[in-house]
Amino acid sequence: MSRELLPDELRAVARWGAAFVRARVGAAEKERHTVVIRRQLDGGYGENQMFEAARAYLATKIDPRALRRLSLARSRCIDADGRSSWTTLLCLEPGDSSTPPPTCSMASSSGGRPWRPAAATTARGAARAVTAVTAPRASSSPSPSSSASTPSTPTQRSSATSPSSWPRRERALRIFMNEERSWHGFNHHHPATFDTIAMEPDLKKSIVDDLDRFLKRRDYYRRIGKAWKRGYLLHGPPGTGKSSLVAAMANYLRFNLYDLDLSQVRVNAALQRLLISMPNKSILVIEDIDCCFDAKPREDHKITTAALDQPEDFDFSDDGGGAPRGAGDLQQKNVTLSGLLNFIDGLWSTSGEERVIVFTTNYKERLDPALLRPGRMDVHVYMGYCGWDAFKTLAHNYFLVGDHPLFPEVRELLAGVEATPAEVSEMLLRSEDVDVALRGLTELLRERTRRRARQEAAIENEVVAEKGNAA
Ligand SMILES: Nc1ncnc2c1ncn2[C@@H]1O[C@H](COP(=O)(O)OP(=O)(O)OP(=O)(O)O)[C@@H](O)[C@H]1O
C-alpha cells in the first residue's frame, strides 16, 4: 500500500518540509533543504513506512543494495527567462552507497502526468543526485496530509496495463517476520526462481500459469464477489523444495513475503492485527501448518517426528468453490486454526487484495479437515522426491550441463529409490568437478538401492516364515 502511495506522500512531505523550513529561515531564491527518511522510529522499535515506500519506489530505478540512506531535498530554481520553479530531489546520501551511484534520475511533469527520466544535478552542478523526483509546481499548503491531484506512480501506472508488462523484476523484495504483534522486515535475496526449482515440468508450468491467471483476474474476482486472493497448500517430505517454491513464487510475483510464526502469536487479536497490517501484493506464509496448533514449537516437533511420508501421486487440484466457514468456534483468547481460517476468509479478505497465502506441511494427512475442505486452499501442490526431470534441473543449476555419461545410470537409480532434491543438491555441491560429484551421487543411490533390496528381502523372509508357522 505504502509503495503505491509513495509519490503522493513524498510530494506532500516535501511540500510540508519545505514550507516548514521556509517559515523559519525565510525563503531564498536558491535554497536546498534535506529531509532524511529514517528506516526506524521510536529508538528503533517502529518501522517508518515512508522509508519502505521510498525504498520500494527507488528500487524500480536503481540497485536496491545502494539504498542505505536517502535524502529528500527541495530547491527553488530560476531558469534562463527568469521563471522560478520548485524541484524535489530524492537521492542517496553521499558516502552511503555500497555500489557506485547510478546516473539515472526520475522526474514528473506537473498535473499527475507519468514519471519520466530527467537529468538531476547538485547545487554545484555536479551530476551527483542519483534519483530525483520533480514534484508538480509547489502548492501553498504545508500539510503533509494534503494530496495533490492523483499522480500516476510507476506502480499505479503499471497496474493499469496488462500484468505481463508489470515491472516485476525491478522491485526490491522484503521478507517480514512477526514478533508478537508486529512485523520486522529484512531484504529478501533468495535466489530461487522457477528456473532453478527442480520439479516435474508440467506441475511447474501449472503453478506459473495459475499465478499469471490470478494476477490478471482483478475484475473477474470483483464480478464474482470473491476476495482477490489465492491459497496454496504445499505438501511433501522435508527437503523437496516447499520453502524454495515459496521464494520462487515471491521472486516471480515480486511480492513481499510475510512469514508468520504462530508460536509467536498468543491471542487471536494479535493475529488479526498482524494480518490486517499486511499490505496488498504480498504473500502470507505459514510453514509446517500441521505443527502450529499444538504446544510444541515448530522445530522441536519436526525433530521428534518419526518416519517420512510415503510419496503420493502428483496432486494439483484447483477447487473453485466458495470457502466454507465456521470450522469450529473462534476461541476468545488462544489462536486456533478455525480462528485463522475464518479471519483469512472473512475480514482479512475484504481489507486488501491481490494476496497469496501459502501453507506448507510435511504431513498432509495430519492436517485438520477444515483446512482441506474444497475452497479453503485453492491449489494443492505435492512436492515429491527427486525424479529425472528434477535431477536434470539440478545438474544444470550446479554444472550447466544437459548431458553426461553418468546420466543414464542416475536416471535408472532415481527410478528405483527415494532421494529428495535437497539430498541430490547436497551431493552435487560436494565437488566443482561434475565427474566427481556425479560419481558421489551414483554411489549414494546405489547404496540406497542395495539397502532397499535388503529390506525387501527381509520382509519376504518374514512372510515366508509366518506362512511356515501357520502351516
Ligand atoms: N525442488 C527443489 N529444487 C531446487 N532445490 C531444492 C529443491 N528441493 C530442495 N532443494 C534444495 O534443498 C534445500 C532445502 O530445501 P527446502 O527448504 O526448500 O525444502 P522444504 O521442502 O521446504 O523442506 P522442509 O519441509 O524441511 O522445510 C534448498 O535450499 C535447496 O538448495
# chains A, B, ... in the order shown; residues from 1 in each chain; ligands from 1
call {"tool": "residues_around", "arguments": {"residues": "Gly402 in chain A", "least_positions_apart": "2", "cutoff": "7 Å", "atoms": "only C-alpha atoms", "output": "VMD selection string"}}
result
chain A and resid 392 396 400
call {"tool": "residues_near_ligand", "arguments": {"ligand": "ligand 1", "cutoff": "6 Å", "atoms": "only C-alpha atoms and all ligand atoms", "output": "VMD selection string"}}
result
chain A and resid 196 to 199 238 to 244 362 421 to 422 425
call {"tool": "residues_around", "arguments": {"residues": "range 431-445 of chain A", "least_positions_apart": "2", "cutoff": "10 Å", "atoms": "only C-alpha atoms", "output": "number ranges by chain"}}
result
A: 395, 398-401, 404-407, 409-414, 416-419, 423-429, 447-451
call {"tool": "write_last_selection", "arguments": {"atoms": "C-alpha atoms", "output": "PDB file, in the first residue's frame"}}
result
ATOM      1  CA  ALA A 395      22.517 -30.774 -12.751  1.00  0.00           C
ATOM      2  CA  TYR A 398      25.103 -26.712 -10.486  1.00  0.00           C
ATOM      3  CA  PHE A 399      27.186 -27.574 -13.566  1.00  0.00           C
ATOM      4  CA  LEU A 400      25.411 -26.045 -16.558  1.00  0.00           C
ATOM      5  CA  VAL A 401      25.353 -29.487 -18.168  1.00  0.00           C
ATOM      6  CA  HIS A 404      26.803 -36.608 -19.071  1.00  0.00           C
ATOM      7  CA  PRO A 405      27.927 -40.256 -19.443  1.00  0.00           C
ATOM      8  CA  LEU A 406      26.652 -40.978 -15.919  1.00  0.00           C
ATOM      9  CA  PHE A 407      23.160 -39.588 -16.625  1.00  0.00           C
ATOM     10  CA  GLU A 409      22.764 -44.641 -14.608  1.00  0.00           C
ATOM     11  CA  VAL A 410      21.463 -41.792 -12.425  1.00  0.00           C
ATOM     12  CA  ARG A 411      18.140 -41.967 -14.227  1.00  0.00           C
ATOM     13  CA  GLU A 412      17.813 -45.697 -13.636  1.00  0.00           C
ATOM     14  CA  LEU A 413      18.776 -45.394  -9.968  1.00  0.00           C
ATOM     15  CA  LEU A 414      16.397 -42.475  -9.294  1.00  0.00           C
ATOM     16  CA  GLY A 416      14.113 -47.171  -8.023  1.00  0.00           C
ATOM     17  CA  VAL A 417      14.899 -45.235  -4.822  1.00  0.00           C
ATOM     18  CA  GLU A 418      13.780 -42.174  -2.962  1.00  0.00           C
ATOM     19  CA  ALA A 419      16.122 -39.191  -2.724  1.00  0.00           C
ATOM     20  CA  GLU A 423      19.912 -34.719  -0.830  1.00  0.00           C
ATOM     21  CA  VAL A 424      20.759 -34.666  -4.518  1.00  0.00           C
ATOM     22  CA  SER A 425      21.695 -30.978  -4.295  1.00  0.00           C
ATOM     23  CA  GLU A 426      23.986 -31.711  -1.397  1.00  0.00           C
ATOM     24  CA  MET A 427      25.824 -34.408  -3.366  1.00  0.00           C
ATOM     25  CA  LEU A 428      26.196 -32.113  -6.357  1.00  0.00           C
ATOM     26  CA  LEU A 429      27.584 -29.388  -4.118  1.00  0.00           C
ATOM     27  CA  GLU A 447      23.853 -47.809  -1.645  1.00  0.00           C
ATOM     28  CA  ARG A 448      20.163 -46.899  -1.212  1.00  0.00           C
ATOM     29  CA  THR A 449      19.219 -49.418  -3.872  1.00  0.00           C
ATOM     30  CA  ARG A 450      21.178 -52.155  -2.026  1.00  0.00           C
ATOM     31  CA  ARG A 451      19.605 -51.187   1.300  1.00  0.00           C
TER      32      ARG A 451
END
call {"tool": "residues_around", "arguments": {"residues": "Asp290 in chain A", "least_positions_apart": "6", "cutoff": "9 Å", "atoms": "only C-alpha atoms", "output": "ChimeraX atom specification"}}
result
/A:360-364,366-368
call {"tool": "select_by_dssp", "arguments": {"residues": "range 311-471 of chain A", "states": "strand (DSSP E)", "output": "PyMOL selection string"}}
result
chain A and resi 355-361+379-382
call {"tool": "write_last_selection", "arguments": {"atoms": "C-alpha atoms", "output": "JSON list (two decimals), in the first residue's frame"}}
result
[["chain", "number", "residue", "atom", "x", "y", "z"],
["A", 355, "ARG", "CA", -2.71, -11.53, -1.77],
["A", 356, "VAL", "CA", -1.37, -15.05, -1.81],
["A", 357, "ILE", "CA", -1.50, -17.41, 1.16],
["A", 358, "VAL", "CA", 0.83, -20.38, 1.33],
["A", 359, "PHE", "CA", 0.69, -23.13, 3.93],
["A", 360, "THR", "CA", 3.36, -25.81, 3.92],
["A", 361, "THR", "CA", 3.38, -29.17, 5.61],
["A", 379, "VAL", "CA", -4.35, -25.21, -5.04],
["A", 380, "HIS", "CA", -2.68, -28.25, -3.51],
["A", 381, "VAL", "CA", 0.86, -28.92, -4.69],
["A", 382, "TYR", "CA", 2.68, -32.12, -3.87]]
call {"tool": "closest_residue", "arguments": {"among": "A:Thr420, A:Thr193, A:Val35, A:Val463", "to": "Trp388 in chain A", "atoms": "only C-alpha atoms"}}
result
A:Thr420
call {"tool": "residues_around", "arguments": {"residues": "Ala250 in chain A", "least_positions_apart": "2", "cutoff": "12 Å", "atoms": "only C-alpha atoms", "output": "PyMOL selection string"}}
result
chain A and resi 168-169+171-175+188-194+208+211+243-248+252-259+281-285+355-358
call {"tool": "atom_distance", "arguments": {"atom1": "CA of Leu271 in chain A", "atom2": "CA of Glu180 in chain A"}}
result
8.7 Å
call {"tool": "select_by_dssp", "arguments": {"residues": "range 211-299 of chain A", "states": "alpha helix (DSSP H)", "output": "PyMOL selection string"}}
result
chain A and resi 211-216+218-224+242-253+268-276+298-299
